[in-house]
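Trainee: So here's query-v5.cif, just mmCIF, C-alpha atoms:
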```cif
data_model
#
loop_
_atom_site.group_PDB
_atom_site.id
_atom_site.type_symbol
_atom_site.label_atom_id
_atom_site.label_comp_id
_atom_site.auth_asym_id
_atom_site.auth_seq_id
_atom_site.Cartn_x
_atom_site.Cartn_y
_atom_site.Cartn_z
ATOM 1 C CA MET R 1 0.000 0.000 0.000
ATOM 2 C CA LEU R 2 1.515 3.345 -0.979
ATOM 3 C CA LYS R 3 1.919 5.716 1.947
ATOM 4 C CA GLN R 4 2.709 9.392 1.429
ATOM 5 C CA TYR R 5 6.110 10.611 2.635
ATOM 6 C CA GLU R 6 7.988 13.879 2.600
ATOM 7 C CA THR R 7 11.766 14.061 2.625
ATOM 8 C CA VAL R 8 13.969 17.142 3.001
ATOM 9 C CA PHE R 9 17.705 16.903 2.579
ATOM 10 C CA ILE R 10 20.571 19.383 2.746
ATOM 11 C CA ALA R 11 23.460 19.084 0.298
ATOM 12 C CA THR R 12 26.873 20.601 0.934
ATOM 13 C CA PRO R 13 27.269 24.074 -0.575
ATOM 14 C CA VAL R 14 30.656 23.012 -1.947
ATOM 15 C CA LEU R 15 29.238 21.155 -4.904
ATOM 16 C CA SER R 16 28.363 22.962 -8.129
ATOM 17 C CA ASP R 17 24.860 23.402 -9.485
ATOM 18 C CA ALA R 18 25.264 20.516 -11.909
ATOM 19 C CA GLN R 19 26.322 18.154 -9.135
ATOM 20 C CA MET R 20 23.398 19.317 -7.047
ATOM 21 C CA LYS R 21 20.938 18.558 -9.873
ATOM 22 C CA GLU R 22 22.571 15.206 -10.422
ATOM 23 C CA ALA R 23 22.211 14.329 -6.724
ATOM 24 C CA VAL R 24 18.536 15.302 -6.755
ATOM 25 C CA ALA R 25 17.951 13.367 -9.985
ATOM 26 C CA LYS R 26 19.569 10.326 -8.407
ATOM 27 C CA TYR R 27 17.047 10.290 -5.585
ATOM 28 C CA LEU R 28 14.096 10.972 -7.856
ATOM 29 C CA ASP R 29 15.082 7.990 -10.025
ATOM 30 C CA LEU R 30 15.591 5.873 -6.924
ATOM 31 C CA ILE R 31 12.027 6.606 -5.865
ATOM 32 C CA LYS R 32 10.611 5.908 -9.310
ATOM 33 C CA GLU R 33 12.554 2.661 -9.687
ATOM 34 C CA ASN R 34 11.213 1.243 -6.420
ATOM 35 C CA GLY R 35 7.576 1.685 -7.367
ATOM 36 C CA GLY R 36 7.274 5.101 -5.793
ATOM 37 C CA GLU R 37 5.626 8.145 -7.306
ATOM 38 C CA VAL R 38 6.910 11.698 -6.861
ATOM 39 C CA VAL R 39 3.994 13.973 -5.957
ATOM 40 C CA TYR R 40 5.816 17.268 -5.574
ATOM 41 C CA GLU R 41 9.356 18.557 -5.596
ATOM 42 C CA GLN R 42 10.681 21.916 -4.454
ATOM 43 C CA ASP R 43 14.171 23.381 -4.382
ATOM 44 C CA TRP R 44 14.777 25.921 -1.619
ATOM 45 C CA GLY R 45 18.228 26.641 -3.036
ATOM 46 C CA LEU R 46 21.105 27.877 -0.950
ATOM 47 C CA ARG R 47 20.055 28.803 2.568
ATOM 48 C CA LYS R 48 21.891 29.821 5.710
ATOM 49 C CA LEU R 49 21.919 27.097 8.361
ATOM 50 C CA ALA R 50 20.891 27.997 11.907
ATOM 51 C CA TYR R 51 24.076 26.331 13.176
ATOM 52 C CA PRO R 52 27.155 25.076 11.318
ATOM 53 C CA ILE R 53 26.935 21.455 10.135
ATOM 54 C CA GLN R 54 30.284 19.849 9.340
ATOM 55 C CA LYS R 55 31.911 23.310 9.532
ATOM 56 C CA LYS R 56 29.594 24.644 6.800
ATOM 57 C CA THR R 57 27.142 27.465 7.428
ATOM 58 C CA THR R 58 25.032 27.209 4.265
ATOM 59 C CA GLY R 59 23.461 24.345 2.371
ATOM 60 C CA PHE R 60 21.270 23.427 -0.593
ATOM 61 C CA TYR R 61 17.831 22.454 0.729
ATOM 62 C CA HIS R 62 15.613 20.173 -1.333
ATOM 63 C CA LEU R 63 12.111 18.907 -0.576
ATOM 64 C CA ILE R 64 10.581 15.825 -2.223
ATOM 65 C CA GLU R 65 7.027 14.677 -1.568
ATOM 66 C CA PHE R 66 6.336 11.162 -2.763
ATOM 67 C CA LYS R 67 4.216 8.075 -2.344
ATOM 68 C CA ALA R 68 6.102 4.827 -1.702
ATOM 69 C CA GLU R 69 6.072 1.420 -0.082
ATOM 70 C CA PRO R 70 6.977 1.590 3.607
ATOM 71 C CA ALA R 71 9.774 -0.919 3.016
ATOM 72 C CA PHE R 72 11.443 1.456 0.580
ATOM 73 C CA ILE R 73 12.194 4.099 3.238
ATOM 74 C CA ALA R 74 14.977 2.042 4.858
ATOM 75 C CA LYS R 75 16.637 1.702 1.458
ATOM 76 C CA LEU R 76 16.300 5.425 0.781
ATOM 77 C CA GLU R 77 17.888 6.314 4.117
ATOM 78 C CA THR R 78 20.860 3.992 3.623
ATOM 79 C CA GLN R 79 21.410 5.747 0.287
ATOM 80 C CA TYR R 80 21.366 9.090 2.083
ATOM 81 C CA ARG R 81 23.862 7.870 4.659
ATOM 82 C CA ARG R 82 26.217 6.510 2.013
ATOM 83 C CA ASP R 83 26.066 9.656 -0.097
ATOM 84 C CA GLU R 84 28.632 12.068 1.332
ATOM 85 C CA ARG R 85 27.188 15.029 -0.607
ATOM 86 C CA ILE R 86 24.137 14.946 1.647
ATOM 87 C CA ILE R 87 25.005 16.357 5.051
ATOM 88 C CA ARG R 88 21.550 16.025 6.632
ATOM 89 C CA PHE R 89 18.190 14.488 5.744
ATOM 90 C CA LEU R 90 14.769 13.963 7.303
ATOM 91 C CA THR R 91 11.992 11.682 6.047
ATOM 92 C CA PHE R 92 8.506 12.206 7.429
ATOM 93 C CA ALA R 93 5.405 10.060 7.102
ATOM 94 C CA MET R 94 2.449 12.305 6.310
ATOM 95 C CA ASP R 95 -0.902 11.725 8.002
ATOM 96 C CA LYS R 96 -4.137 12.999 6.507
ATOM 97 C CA HIS R 97 -3.853 16.443 8.070
ATOM 98 C CA ALA R 98 -0.324 16.768 6.719
ATOM 99 C CA VAL R 99 -1.454 15.749 3.239
ATOM 100 C CA ALA R 100 -4.295 18.290 3.295
ATOM 101 C CA TYR R 101 -1.907 20.991 4.489
ATOM 102 C CA ALA R 102 0.626 20.127 1.762
ATOM 103 C CA GLU R 103 -2.001 20.420 -0.962
ATOM 104 C CA LYS R 104 -3.113 23.807 0.353
ATOM 105 C CA ARG R 105 0.533 24.942 0.500
ATOM 106 C CA ARG R 106 1.120 23.764 -3.063
ATOM 107 C CA ALA R 107 -1.978 25.611 -4.236
ATOM 108 C CA ASN R 108 -0.904 28.943 -2.819
ATOM 109 C CA GLN R 109 2.680 28.269 -3.906
ATOM 110 C CA ALA R 110 1.523 27.873 -7.496
ATOM 111 C CA GLU R 111 -0.526 31.031 -7.124
ATOM 112 C CA GLN R 112 2.443 33.057 -5.966
ATOM 113 C CA LYS R 113 4.615 32.025 -8.908
ATOM 114 C CA MET X 1 -6.817 45.438 71.547
ATOM 115 C CA ALA X 2 -3.913 46.166 69.234
ATOM 116 C CA ASN X 3 -5.359 43.857 66.596
ATOM 117 C CA PRO X 4 -7.786 46.307 64.805
ATOM 118 C CA VAL X 5 -5.051 48.927 64.628
ATOM 119 C CA ASN X 6 -2.545 47.029 62.595
ATOM 120 C CA ASN X 7 -4.982 45.468 60.158
ATOM 121 C CA GLU X 8 -5.656 48.845 58.561
ATOM 122 C CA ILE X 9 -2.601 48.685 56.394
ATOM 123 C CA ARG X 10 -2.873 51.631 54.098
ATOM 124 C CA TYR X 11 -1.245 50.968 50.714
ATOM 125 C CA LEU X 12 0.342 53.822 48.856
ATOM 126 C CA ASN X 13 -1.495 52.804 45.698
ATOM 127 C CA PRO X 14 -4.342 50.282 45.540
ATOM 128 C CA PRO X 15 -2.943 46.738 44.965
ATOM 129 C CA THR X 16 -3.645 46.044 41.265
ATOM 130 C CA VAL X 17 -5.109 42.543 41.182
ATOM 131 C CA GLU X 18 -3.757 40.898 38.014
ATOM 132 C CA VAL X 19 -6.837 40.605 35.780
ATOM 133 C CA LYS X 20 -6.645 36.996 34.588
ATOM 134 C CA LYS X 21 -6.680 37.011 30.742
ATOM 135 C CA LYS X 22 -8.592 33.940 29.596
ATOM 136 C CA LYS X 23 -5.961 31.899 27.757
ATOM 137 C CA TYR X 24 -7.131 29.974 24.706
ATOM 138 C CA CYS X 25 -5.545 27.418 22.418
ATOM 139 C CA ARG X 26 -4.861 29.285 19.195
ATOM 140 C CA PHE X 27 -4.906 26.062 17.215
ATOM 141 C CA LYS X 28 -8.415 25.119 18.271
ATOM 142 C CA LYS X 29 -9.629 28.676 17.740
ATOM 143 C CA ALA X 30 -8.068 29.023 14.296
ATOM 144 C CA GLY X 31 -8.933 25.427 13.367
ATOM 145 C CA ILE X 32 -5.339 24.597 12.427
ATOM 146 C CA LYS X 33 -4.941 20.836 12.273
ATOM 147 C CA TYR X 34 -1.274 20.352 11.346
ATOM 148 C CA VAL X 35 1.857 22.095 12.565
ATOM 149 C CA ASP X 36 4.353 22.241 9.717
ATOM 150 C CA TYR X 37 7.981 21.750 10.742
ATOM 151 C CA LYS X 38 9.204 23.576 7.632
ATOM 152 C CA ASP X 39 7.535 26.854 8.573
ATOM 153 C CA ALA X 40 10.225 28.373 10.819
ATOM 154 C CA GLU X 41 8.583 31.778 11.059
ATOM 155 C CA PHE X 42 5.422 30.319 12.554
ATOM 156 C CA LEU X 43 7.333 28.121 14.987
ATOM 157 C CA LYS X 44 9.388 31.060 16.234
ATOM 158 C CA ARG X 45 6.303 32.352 18.060
ATOM 159 C CA PHE X 46 6.553 29.341 20.352
ATOM 160 C CA LEU X 47 10.224 29.894 21.187
ATOM 161 C CA ASN X 48 11.751 32.368 23.626
ATOM 162 C CA GLU X 49 14.835 34.475 22.947
ATOM 163 C CA GLN X 50 17.212 31.577 23.600
ATOM 164 C CA GLY X 51 15.316 29.398 21.161
ATOM 165 C CA LYS X 52 13.766 27.266 23.872
ATOM 166 C CA ILE X 53 10.169 25.995 23.558
ATOM 167 C CA LEU X 54 7.708 28.068 25.599
ATOM 168 C CA PRO X 55 5.677 26.137 28.208
ATOM 169 C CA ARG X 56 1.935 25.678 27.827
ATOM 170 C CA ARG X 57 1.128 27.888 30.821
ATOM 171 C CA LEU X 58 2.496 30.875 28.885
ATOM 172 C CA THR X 59 1.215 30.091 25.412
ATOM 173 C CA GLY X 60 -2.015 28.502 26.612
ATOM 174 C CA THR X 61 -1.994 25.831 23.891
ATOM 175 C CA SER X 62 -3.755 22.547 24.583
ATOM 176 C CA LEU X 63 -1.691 19.432 25.312
ATOM 177 C CA LYS X 64 -2.417 17.847 21.947
ATOM 178 C CA PHE X 65 -1.093 20.788 19.971
ATOM 179 C CA GLN X 66 1.770 21.511 22.369
ATOM 180 C CA LYS X 67 3.101 18.036 21.548
ATOM 181 C CA LYS X 68 2.715 18.681 17.820
ATOM 182 C CA VAL X 69 4.512 22.013 18.148
ATOM 183 C CA ALA X 70 7.315 20.455 20.201
ATOM 184 C CA GLN X 71 7.739 17.685 17.646
ATOM 185 C CA ALA X 72 7.761 20.180 14.774
ATOM 186 C CA VAL X 73 10.330 22.396 16.523
ATOM 187 C CA LYS X 74 12.614 19.428 17.117
ATOM 188 C CA ARG X 75 12.378 18.427 13.454
ATOM 189 C CA ALA X 76 13.089 22.015 12.385
ATOM 190 C CA ARG X 77 16.115 22.066 14.650
ATOM 191 C CA HIS X 78 17.329 18.816 13.123
ATOM 192 C CA LEU X 79 17.109 20.420 9.674
ATOM 193 C CA ALA X 80 18.928 23.536 10.927
ATOM 194 C CA LEU X 81 15.884 25.702 10.200
ATOM 195 C CA LEU X 82 15.828 26.637 13.883
ATOM 196 C CA PRO X 83 18.878 26.892 16.179
ATOM 197 C CA TYR X 84 19.183 24.621 19.208
ATOM 198 C CA VAL X 85 20.360 27.531 21.333
ATOM 199 C CA THR X 86 21.002 31.138 20.439
ATOM 200 C CA ASP X 87 21.133 34.451 22.246
ATOM 201 C CA LEU X 88 18.920 36.748 20.227
ATOM 202 C CA LEU X 89 16.410 34.826 18.197
ATOM 203 C CA LYS X 90 13.744 37.528 17.690
#
```
Please lay out the structure from this file as structure tokens.

Mentor:
Amino acid sequence: MLKQYETVFIATPVLSDAQMKEAVAKYLDLIKENGGEVVYEQDWGLRKLAYPIQKKTTGFYHLIEFKAEPAFIAKLETQYRRDERIIRFLTFAMDKHAVAYAEKRRANQAEQK
Amino acid sequence: MANPVNNEIRYLNPPTVEVKKKKYCRFKKAGIKYVDYKDAEFLKRFLNEQGKILPRRLTGTSLKFQKKVAQAVKRARHLALLPYVTDLLK
């Protein structure tokens, strides 16, 4: 049964734009390969961190909202841990209130653009 | 005999009894169902200057939503959207 998840990860600011896109593409393909379905994707770009992580004070934030099998999450997280470009990640299982909130946020996000 | 004398303690100005403002849970009132951990600006209202989570007796939120807020703040801190400790947050 496909549950809805939301993952945010921070990539090191050291890497160039191309590498950043390639890292994001890698995770998107990983989700698609394992029978997942990407619902929404948002790049927050370079942001200042509230506290230095691994001696770095900024990072590329990226948000991916997707539906996937619960078993897939463990695989995704091991990929995150192995990938040294990603300095921090958080995956979050969305309940129905979270899903409703995300849709509303996407609606007014699209409006603003 | 001396008792009635000393109970007339005259105050310089009348003691202002703290009028008790009825606290309400802003989540129930506004009908918010989900506290988003990505929305740092909104979460900052529940933190004091050092970045610590404000207790319920000050914010007046109900237990259910205080737990959601605390969980969201901890996730935001994990993602470095909010600092663990700082001196001047506001």

Trainee: Could you check which of R:Ala98, R:Ala74, R:Ile86, R:Val14 is closest to chain X, using all atoms listed in the file?

Mentor: R:Ala98

Trainee: Would you pick out the contacts of X:Val73 at 7 Å or less, using all atoms listed in the file, so that residues sharing its chain but fewer than 4 positions from it are not included, and give the list as a list in words?

Mentor: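 Selected residues are Tyr37, Leu43, Val69 and Arg77 of chain X.
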
Trainee: Could the residues in this selection be saved with C-alpha atoms as a PDB file, keeping the file's coordinate frame?

Mentor:
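Now in again.pdb:
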```
ATOM      1  CA  TYR X  37       7.981  21.750  10.742  1.00  0.00           C
ATOM      2  CA  LEU X  43       7.333  28.121  14.987  1.00  0.00           C
ATOM      3  CA  VAL X  69       4.512  22.013  18.148  1.00  0.00           C
ATOM      4  CA  ARG X  77      16.115  22.066  14.650  1.00  0.00           C
TER       5      ARG X  77
END
```

Trainee: Any idea what the distance is between atom CA of R:Pro70 and atom CA of R:Glu37?

Mentor: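 About the pair atom CA of R:Pro70 and atom CA of R:Glu37: they are 12.8 Å apart.
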
Trainee: Report as AutoDock Vina command-line options the centre and the edge lengths, in Å to one decimal, of the axis-aligned box holding every listed atom of stretch 46-50 of chain R, padded by 4 Å on each side.

Mentor:
```
--center_x 21.0 --center_y 28.5 --center_z 5.5 --size_x 9.9 --size_y 10.7 --size_z 20.9
```

Trainee: As a check of understanding, name the residues that the PyMOL selection byres ((chain X) within 7 of (chain R)) selects in the supplied structure, as a ChimeraX atom specification.

Mentor: /X:33-34,79-83

Trainee: Between atom CA of R:Gly45 and atom CA of X:Arg45, what is the distance in Å, rounded to a tenth?

Mentor: 24.9 Å

Trainee: How many Å separate atom CA of X:Gly60 from atom CA of X:Val85?

Mentor: 23.0 Å

Trainee: Once the PyMOL selection byres ((chain X and resi 15-29) around 12) has been evaluated on this model, what residues remain selected, and can you format them as a PDB file with C-alpha atoms, keeping the file's coordinate frame?

Mentor:
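Once everything was written out, this is expr-v3.pdb:
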```pdb
ATOM      1  CA  ILE X   9      -2.601  48.685  56.394  1.00  0.00           C
ATOM      2  CA  ARG X  10      -2.873  51.631  54.098  1.00  0.00           C
ATOM      3  CA  TYR X  11      -1.245  50.968  50.714  1.00  0.00           C
ATOM      4  CA  LEU X  12       0.342  53.822  48.856  1.00  0.00           C
ATOM      5  CA  ASN X  13      -1.495  52.804  45.698  1.00  0.00           C
ATOM      6  CA  PRO X  14      -4.342  50.282  45.540  1.00  0.00           C
ATOM      7  CA  ALA X  30      -8.068  29.023  14.296  1.00  0.00           C
ATOM      8  CA  GLY X  31      -8.933  25.427  13.367  1.00  0.00           C
ATOM      9  CA  ILE X  32      -5.339  24.597  12.427  1.00  0.00           C
ATOM     10  CA  LYS X  33      -4.941  20.836  12.273  1.00  0.00           C
ATOM     11  CA  TYR X  34      -1.274  20.352  11.346  1.00  0.00           C
ATOM     12  CA  VAL X  35       1.857  22.095  12.565  1.00  0.00           C
ATOM     13  CA  ARG X  45       6.303  32.352  18.060  1.00  0.00           C
ATOM     14  CA  PHE X  46       6.553  29.341  20.352  1.00  0.00           C
ATOM     15  CA  ARG X  56       1.935  25.678  27.827  1.00  0.00           C
ATOM     16  CA  ARG X  57       1.128  27.888  30.821  1.00  0.00           C
ATOM     17  CA  LEU X  58       2.496  30.875  28.885  1.00  0.00           C
ATOM     18  CA  THR X  59       1.215  30.091  25.412  1.00  0.00           C
ATOM     19  CA  GLY X  60      -2.015  28.502  26.612  1.00  0.00           C
ATOM     20  CA  THR X  61      -1.994  25.831  23.891  1.00  0.00           C
ATOM     21  CA  SER X  62      -3.755  22.547  24.583  1.00  0.00           C
ATOM     22  CA  LEU X  63      -1.691  19.432  25.312  1.00  0.00           C
ATOM     23  CA  LYS X  64      -2.417  17.847  21.947  1.00  0.00           C
ATOM     24  CA  PHE X  65      -1.093  20.788  19.971  1.00  0.00           C
ATOM     25  CA  GLN X  66       1.770  21.511  22.369  1.00  0.00           C
ATOM     26  CA  LYS X  68       2.715  18.681  17.820  1.00  0.00           C
ATOM     27  CA  VAL X  69       4.512  22.013  18.148  1.00  0.00           C
TER      28      VAL X  69
END
```

Trainee: Rank nothing, just name the residue among X:Asp87, X:Glu8, X:Ala70, X:Arg75 nearest to X:Ile53, using only C-alpha atoms.

Mentor: X:Ala70

Trainee: On this structure, the PyMOL selection byres ((chain R and resi 24-31) around 10) would catch which residues? List them as a ChimeraX atom specification, sorted by chain and number.

Mentor: /R:9,11,18-23,32-38,41,43,62-64,66-69,72-73,75-76,79-80
